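Q: The following block contains the structure, expressed as structure tokens.
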Amino acid sequence: MIDITISSKPLSVSQCYDYVHDQRAGGNALFVGTVRDQTQGKAVVRLDFEAYKPMAIKEMQKIADTMVERWSALKISIHHRTGTLELGDIAVIIAVCTPHRKASFDACQYAIDTLKETVPIWKKEYFEDGAVWVAAHP
Amino acid sequence: MIDITISSKPLSVSQCYDYVHDQRAGGNALFVGTVRDQTQGKAVVRLDFEAYKPMAIKEMQKIADTMVERWSALKISIHHRTGTLELGDIAVIIAVCTPHRKASFDACQYAIDTLKETVPIWKKEYFEDGAVWVAAHP
Amino acid sequence: MKVKILAFGIAKDIVGGKAGEMEFSEHATISQVKTALSEKYPDFDKLAKFSIAVNESYQDDAYVISEGDELVIIPPVSGG
Amino acid sequence: MKVKILAFGIAKDIVGGKAGEMEFSEHATISQVKTALSEKYPDFDKLAKFSIAVNESYQDDAYVISEGDELVIIPPVSGG
């Protein structure tokens with residue numbers, strides 16, 4: 001009941017929703033992270049995502065396991081994109097269904113917060129005048 | 001930037017996502033409420049939703065206005081189904097995008113919580129042995 | 001004065017139809033409307049609560065109704 | 001002993017390539033690995049932090065590496 005994908009192809013919200021959709025669930029929460037056109041006021045041109053794929057999958061699996069244990073998540077879909085992304089492209093989708101709605105929000109928020117802390121994926125932001133690895137420096 | 005619909009036709013998650021998708025946003029949160037196969041252990045056969053449509057639209061608009069004011073929501077889509085729904089059918093979709101992700105969760109959760117308190121829509125649950133208007137009695 | 005009343009959800013079952021009319025005195029308040037409804041249809045007292053909307057907005061007990069208002073009986077909502 | 005090291009993100013830029021090898025004493029700890037990396041590549045000290053994963057799991061400073069381990073330098077992650 002856990003669907004984890006790291007892919008260099010465009011991600012699909014409806015594919016993730018269709019995966020988690022379940023008659024036993026009343027609440028489905030989804031988070032979709034997309035490429036913003038600016039970072040702290042500076043125009044972003046595009047992004048690159050690099051993943052240490054086998055370990056990233058393991059860390060995403062740990063997140064999903066915690067969602068099941070702590071919030072009784074019935075089905076979970078976590079998709080992350082790699083490679084070059086243009087403005088508006090989807091970087092990540094997290095979809096989860098739970099019997100009751102409050103848990104679906106809490107589990108989904110836990111997942112994206114934790115993914116951003118533990119999953120070995122790196123974002124390089126390209127500006128008109130250069131590029132930086134996000135969060136690398138204090 | 002606010003898309004409110006009450007419809008007797010099936011709802012579409014990707015339609016709501018496509019509406020709110022915006023390059024100025026980094027976070028999109030969606031809630032999808034579906035028909036559960038049971039209520040407190042009793043098997044549900046189907047549902048009927050009845051809406052006082054003009055007032056329901058007004059109350060949903062108030063919710064959306066608050067999401068814009070309080071969480072700087074950029075785009076909001078709220079779709080509610082009416083008529084007869086089968087198990088697994090989508091009853092409601094709320095989609096919202098905000099510059100940062102935390103606000104998208106908070107705004108989305110506020111919207112579904114408030115919708116369930118204020119929007120004049122009524123759910124009748126059908127069981128094998130009868131039907132009840134949900135929440136009517138203490 | 002005669003006032004038009006709409007009913008939804010379980011309220012429709014209680015009053016036996018979606019639309020009707022009731023007679024109220026001039027300057028009746030929502031509070032008086034609710035009392036009159038409970039007297040005519042005791043099943044309203046069994047509800048968790050019920051509200052009255054006038055012209056598509058919730059109105060509180062002190063609100064004074066006028067000729068031509070459309071009153072709507074709003075039993076506990078359960079959308080979503 | 002010679003140990004294989006992989007680098008991602010900015011760590012790849014710092015060490016000048018995705019894969020390399022470094023020489024460590026037997027029973028070296030992750031703490032010693034990090035010190036050796038910082039000495040050879042002072043730019044690691046400019047990072048907000050960096051971690052070392054061994055065989056696809058984070059390992060803390062006290063972890064003792066063995067011959068055949070695959071060490072991976074994990075600079076601050078920024079997925080999502």
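Every chain in the structure tokens takes a letter, A first, then B, and so on in the order presented; its residues are numbered from 1, and the ligands are numbered from 1 following the presented order.
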I'd like the superposed chain B, fitted onto chain A by least squares over all Cα atoms in order, as a tab-separated table (two decimals) with C-alpha atoms, in the first residue's frame.

A:
```tsv
chain	number	residue	atom	x	y	z
B	1	MET	CA	0.00	0.00	0.01
B	2	ILE	CA	3.04	2.26	-0.37
B	3	ASP	CA	4.02	3.68	-3.74
B	4	ILE	CA	7.42	5.41	-3.86
B	5	THR	CA	8.91	6.72	-7.08
B	6	ILE	CA	11.89	8.85	-8.02
B	7	SER	CA	11.60	9.78	-11.66
B	8	SER	CA	13.12	12.09	-14.23
B	9	LYS	CA	9.73	12.25	-16.02
B	10	PRO	CA	6.92	14.70	-15.18
B	11	LEU	CA	4.85	13.77	-12.11
B	12	SER	CA	1.08	13.36	-12.17
B	13	VAL	CA	-1.25	14.47	-9.36
B	14	SER	CA	-4.11	12.32	-10.61
B	15	GLN	CA	-1.86	9.25	-10.72
B	16	CYS	CA	-0.98	9.73	-7.03
B	17	TYR	CA	-4.61	10.41	-6.10
B	18	ASP	CA	-5.79	7.34	-8.00
B	19	TYR	CA	-3.25	5.22	-6.14
B	20	VAL	CA	-4.36	6.27	-2.65
B	21	HIS	CA	-8.09	6.40	-3.40
B	22	ASP	CA	-9.80	3.82	-1.17
B	23	GLN	CA	-13.36	3.14	-0.04
B	24	ARG	CA	-12.16	2.58	3.52
B	25	ALA	CA	-10.90	6.17	3.66
B	26	GLY	CA	-12.82	9.37	4.22
B	27	GLY	CA	-9.91	11.77	4.00
B	28	ASN	CA	-7.26	12.17	1.32
B	29	ALA	CA	-4.62	14.87	1.71
B	30	LEU	CA	-2.20	15.77	-1.05
B	31	PHE	CA	0.77	18.09	-1.10
B	32	VAL	CA	2.19	19.19	-4.43
B	33	GLY	CA	5.49	21.07	-4.39
B	34	THR	CA	6.14	23.10	-7.52
B	35	VAL	CA	8.99	25.24	-8.84
B	36	ARG	CA	8.47	28.85	-7.77
B	37	ASP	CA	9.45	31.68	-10.07
B	38	GLN	CA	11.57	33.34	-7.36
B	39	THR	CA	13.54	32.73	-4.19
B	40	GLN	CA	13.68	35.60	-1.74
B	41	GLY	CA	12.88	38.05	-4.51
B	42	LYS	CA	15.45	36.73	-6.98
B	43	ALA	CA	14.08	35.35	-10.26
B	44	VAL	CA	14.60	31.62	-10.71
B	45	VAL	CA	15.20	30.37	-14.26
B	46	ARG	CA	15.10	26.60	-13.66
B	47	LEU	CA	16.11	23.90	-11.17
B	48	ASP	CA	18.13	20.73	-11.15
B	49	PHE	CA	17.39	17.92	-8.71
B	50	GLU	CA	20.01	15.30	-8.01
B	51	ALA	CA	19.19	12.23	-5.92
B	52	TYR	CA	21.22	9.52	-4.23
B	53	LYS	CA	18.50	7.23	-5.43
B	54	PRO	CA	18.81	3.94	-3.46
B	55	MET	CA	19.18	5.77	-0.16
B	56	ALA	CA	16.49	8.33	-1.03
B	57	ILE	CA	14.02	5.49	-1.66
B	58	LYS	CA	14.93	3.95	1.71
B	59	GLU	CA	14.44	7.24	3.54
B	60	MET	CA	11.10	7.83	1.79
B	61	GLN	CA	10.05	4.31	2.80
B	62	LYS	CA	10.87	5.17	6.44
B	63	ILE	CA	8.65	8.25	6.18
B	64	ALA	CA	5.80	6.16	4.77
B	65	ASP	CA	6.22	3.53	7.50
B	66	THR	CA	5.91	6.24	10.15
B	67	MET	CA	2.74	7.58	8.45
B	68	VAL	CA	1.20	4.12	8.69
B	69	GLU	CA	2.21	3.61	12.32
B	70	ARG	CA	1.42	7.04	13.66
B	71	TRP	CA	-1.65	8.10	11.63
B	72	SER	CA	-3.07	4.75	10.45
B	73	ALA	CA	-2.47	5.78	6.86
B	74	LEU	CA	-4.09	3.24	4.55
B	75	LYS	CA	-2.28	4.11	1.32
B	76	ILE	CA	0.61	6.43	0.57
B	77	SER	CA	2.11	7.72	-2.64
B	78	ILE	CA	5.37	9.71	-2.63
B	79	HIS	CA	6.78	10.78	-5.98
B	80	HIS	CA	9.88	12.93	-6.41
B	81	ARG	CA	11.23	14.34	-9.63
B	82	THR	CA	14.90	14.50	-10.63
B	83	GLY	CA	16.77	16.24	-13.42
B	84	THR	CA	15.97	19.63	-14.89
B	85	LEU	CA	12.68	21.31	-13.94
B	86	GLU	CA	11.15	24.43	-15.42
B	87	LEU	CA	9.04	27.01	-13.57
B	88	GLY	CA	5.74	25.52	-12.41
B	89	ASP	CA	6.91	21.92	-12.80
B	90	ILE	CA	6.04	19.52	-10.00
B	91	ALA	CA	9.02	18.62	-7.80
B	92	VAL	CA	7.23	16.38	-5.32
B	93	ILE	CA	3.80	14.88	-4.67
B	94	ILE	CA	2.72	13.32	-1.40
B	95	ALA	CA	-0.71	11.72	-1.24
B	96	VAL	CA	-2.16	9.87	1.72
B	97	CYS	CA	-5.54	8.54	2.76
B	98	THR	CA	-6.69	7.89	6.29
B	99	PRO	CA	-10.03	6.88	7.81
B	100	HIS	CA	-10.56	10.40	9.22
B	101	ARG	CA	-9.53	13.71	7.76
B	102	LYS	CA	-7.44	15.33	10.50
B	103	ALA	CA	-4.94	12.45	10.36
B	104	SER	CA	-4.53	12.86	6.60
B	105	PHE	CA	-3.36	16.47	6.99
B	106	ASP	CA	-1.03	15.63	9.88
B	107	ALA	CA	0.51	12.65	8.08
B	108	CYS	CA	0.95	14.60	4.83
B	109	GLN	CA	2.59	17.55	6.58
B	110	TYR	CA	4.90	15.23	8.54
B	111	ALA	CA	5.92	13.58	5.27
B	112	ILE	CA	6.90	16.74	3.40
B	113	ASP	CA	8.60	18.27	6.46
B	114	THR	CA	10.64	15.10	7.04
B	115	LEU	CA	11.42	14.57	3.36
B	116	LYS	CA	13.00	18.01	3.27
B	117	GLU	CA	15.21	17.11	6.25
B	118	THR	CA	16.29	13.55	5.63
B	119	VAL	CA	15.90	12.40	2.02
B	120	PRO	CA	19.19	12.68	0.09
B	121	ILE	CA	18.01	14.84	-2.80
B	122	TRP	CA	19.67	18.12	-3.71
B	123	LYS	CA	18.27	21.13	-5.49
B	124	LYS	CA	20.38	23.50	-7.58
B	125	GLU	CA	18.66	26.80	-8.37
B	126	TYR	CA	19.63	28.60	-11.55
B	127	PHE	CA	19.37	32.38	-11.72
B	128	GLU	CA	20.19	34.74	-14.57
B	129	ASP	CA	23.65	35.26	-13.08
B	130	GLY	CA	24.61	31.87	-11.70
B	131	ALA	CA	23.49	28.86	-9.70
B	132	VAL	CA	23.52	27.69	-6.09
B	133	TRP	CA	23.00	24.42	-4.26
B	134	VAL	CA	20.05	25.28	-2.01
B	135	ALA	CA	20.63	25.18	1.77
B	136	ALA	CA	24.27	24.14	1.38
B	137	HIS	CA	25.65	27.13	3.27
B	138	PRO	CA	24.53	28.63	6.58
```

Q: Among chain B, which residues carry a DSSP assignment of alpha helix (DSSP H), reported as a VMD selection string?

A: chain B and resid 13 to 20 53 to 71 101 to 118

Q: Determine, counting only C-alpha atoms, which protein, DNA and RNA residues have an atom within 12 Å of an atom of D:Ser38; residues of the same chain fewer than 4 positions away are not included. Present the result as a PDB file with N, CA, C and O atoms, in the first residue's frame.

A:
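Generated output (selection_5.pdb):
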```
ATOM      1  N   ALA D  11      28.863  18.602  -2.545  1.00  0.00           N
ATOM      2  CA  ALA D  11      30.030  17.790  -2.168  1.00  0.00           C
ATOM      3  C   ALA D  11      30.758  17.285  -3.413  1.00  0.00           C
ATOM      4  O   ALA D  11      31.990  17.167  -3.433  1.00  0.00           O
ATOM      5  N   ILE D  14      32.885  20.010  -4.517  1.00  0.00           N
ATOM      6  CA  ILE D  14      34.032  20.234  -3.629  1.00  0.00           C
ATOM      7  C   ILE D  14      35.149  19.219  -3.873  1.00  0.00           C
ATOM      8  O   ILE D  14      36.323  19.567  -3.938  1.00  0.00           O
ATOM      9  N   VAL D  15      34.770  17.941  -4.028  1.00  0.00           N
ATOM     10  CA  VAL D  15      35.812  16.916  -4.203  1.00  0.00           C
ATOM     11  C   VAL D  15      36.175  16.755  -5.686  1.00  0.00           C
ATOM     12  O   VAL D  15      37.126  16.030  -6.014  1.00  0.00           O
ATOM     13  N   SER D  31      33.655  10.126  12.513  1.00  0.00           N
ATOM     14  CA  SER D  31      34.232  11.384  12.979  1.00  0.00           C
ATOM     15  C   SER D  31      35.597  11.618  12.331  1.00  0.00           C
ATOM     16  O   SER D  31      35.896  12.719  11.852  1.00  0.00           O
ATOM     17  N   GLN D  32      36.425  10.562  12.281  1.00  0.00           N
ATOM     18  CA  GLN D  32      37.746  10.692  11.665  1.00  0.00           C
ATOM     19  C   GLN D  32      37.646  10.909  10.147  1.00  0.00           C
ATOM     20  O   GLN D  32      38.430  11.658   9.569  1.00  0.00           O
ATOM     21  N   VAL D  33      36.655  10.263   9.550  1.00  0.00           N
ATOM     22  CA  VAL D  33      36.438  10.444   8.116  1.00  0.00           C
ATOM     23  C   VAL D  33      36.111  11.909   7.810  1.00  0.00           C
ATOM     24  O   VAL D  33      36.657  12.511   6.882  1.00  0.00           O
ATOM     25  N   LYS D  34      35.220  12.481   8.651  1.00  0.00           N
ATOM     26  CA  LYS D  34      34.815  13.867   8.416  1.00  0.00           C
ATOM     27  C   LYS D  34      35.996  14.827   8.608  1.00  0.00           C
ATOM     28  O   LYS D  34      36.163  15.787   7.845  1.00  0.00           O
ATOM     29  N   PRO D  42      39.033  21.996   2.473  1.00  0.00           N
ATOM     30  CA  PRO D  42      38.571  22.960   3.491  1.00  0.00           C
ATOM     31  C   PRO D  42      37.163  23.502   3.223  1.00  0.00           C
ATOM     32  O   PRO D  42      36.511  23.969   4.157  1.00  0.00           O
ATOM     33  N   ASP D  43      36.678  23.414   1.976  1.00  0.00           N
ATOM     34  CA  ASP D  43      35.330  23.933   1.677  1.00  0.00           C
ATOM     35  C   ASP D  43      34.230  23.193   2.442  1.00  0.00           C
ATOM     36  O   ASP D  43      33.115  23.716   2.582  1.00  0.00           O
ATOM     37  N   PHE D  44      34.517  21.982   2.911  1.00  0.00           N
ATOM     38  CA  PHE D  44      33.482  21.278   3.691  1.00  0.00           C
ATOM     39  C   PHE D  44      33.142  22.031   4.975  1.00  0.00           C
ATOM     40  O   PHE D  44      32.016  21.940   5.460  1.00  0.00           O
ATOM     41  N   ASP D  45      34.116  22.759   5.526  1.00  0.00           N
ATOM     42  CA  ASP D  45      33.843  23.516   6.755  1.00  0.00           C
ATOM     43  C   ASP D  45      32.922  24.703   6.515  1.00  0.00           C
ATOM     44  O   ASP D  45      32.378  25.268   7.457  1.00  0.00           O
ATOM     45  N   LYS D  46      32.760  25.093   5.237  1.00  0.00           N
ATOM     46  CA  LYS D  46      31.871  26.219   4.938  1.00  0.00           C
ATOM     47  C   LYS D  46      30.402  25.792   4.822  1.00  0.00           C
ATOM     48  O   LYS D  46      29.514  26.621   4.768  1.00  0.00           O
ATOM     49  N   LEU D  47      30.180  24.482   4.761  1.00  0.00           N
ATOM     50  CA  LEU D  47      28.797  23.996   4.625  1.00  0.00           C
ATOM     51  C   LEU D  47      28.020  24.165   5.919  1.00  0.00           C
ATOM     52  O   LEU D  47      28.600  24.186   7.006  1.00  0.00           O
ATOM     53  N   LYS D  49      26.283  21.947   7.211  1.00  0.00           N
ATOM     54  CA  LYS D  49      26.655  20.688   7.863  1.00  0.00           C
ATOM     55  C   LYS D  49      26.908  19.678   6.760  1.00  0.00           C
ATOM     56  O   LYS D  49      26.592  19.926   5.602  1.00  0.00           O
ATOM     57  N   PHE D  50      27.480  18.549   7.103  1.00  0.00           N
ATOM     58  CA  PHE D  50      27.457  17.429   6.170  1.00  0.00           C
ATOM     59  C   PHE D  50      27.470  16.129   6.947  1.00  0.00           C
ATOM     60  O   PHE D  50      28.003  16.056   8.055  1.00  0.00           O
ATOM     61  N   ILE D  73      29.061  11.060   0.928  1.00  0.00           N
ATOM     62  CA  ILE D  73      29.036  12.385   1.556  1.00  0.00           C
ATOM     63  C   ILE D  73      27.689  13.035   1.247  1.00  0.00           C
ATOM     64  O   ILE D  73      27.310  13.178   0.083  1.00  0.00           O
TER      65      ILE D  73
END
```

Q: Go through C:Ile10, C:Glu39, C:Ala28, C:Gly80 and flag the residue nearest chain A, using only C-alpha atoms for the distances.

A: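 Looking at the shortest contact to chain A, the residue is C:Gly80.
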
Q: Using only C-alpha atoms, which residues of chain D come within 6 Å of chain A, and what is the closest atom pair for each, with the distance in Å to one decimal? Give it as JSON lines, sorted by chain and residue number.

A:
```
{"residue": "D:Gly9", "atom": "CA", "partner": "A:Trp122", "partner_atom": "CA", "distance": 5.7}
{"residue": "D:Leu47", "atom": "CA", "partner": "A:His137", "partner_atom": "CA", "distance": 4.6}
{"residue": "D:Ala48", "atom": "CA", "partner": "A:Pro138", "partner_atom": "CA", "distance": 4.5}
{"residue": "D:Glu56", "atom": "CA", "partner": "A:Met55", "partner_atom": "CA", "distance": 4.7}
{"residue": "D:Pro76", "atom": "CA", "partner": "A:Ala136", "partner_atom": "CA", "distance": 5.3}
{"residue": "D:Val77", "atom": "CA", "partner": "A:Trp122", "partner_atom": "CA", "distance": 5.3}
{"residue": "D:Ser78", "atom": "CA", "partner": "A:Trp122", "partner_atom": "CA", "distance": 4.8}
{"residue": "D:Gly79", "atom": "CA", "partner": "A:Ile121", "partner_atom": "CA", "distance": 4.8}
{"residue": "D:Gly80", "atom": "CA", "partner": "A:Val92", "partner_atom": "CA", "distance": 5.4}
```
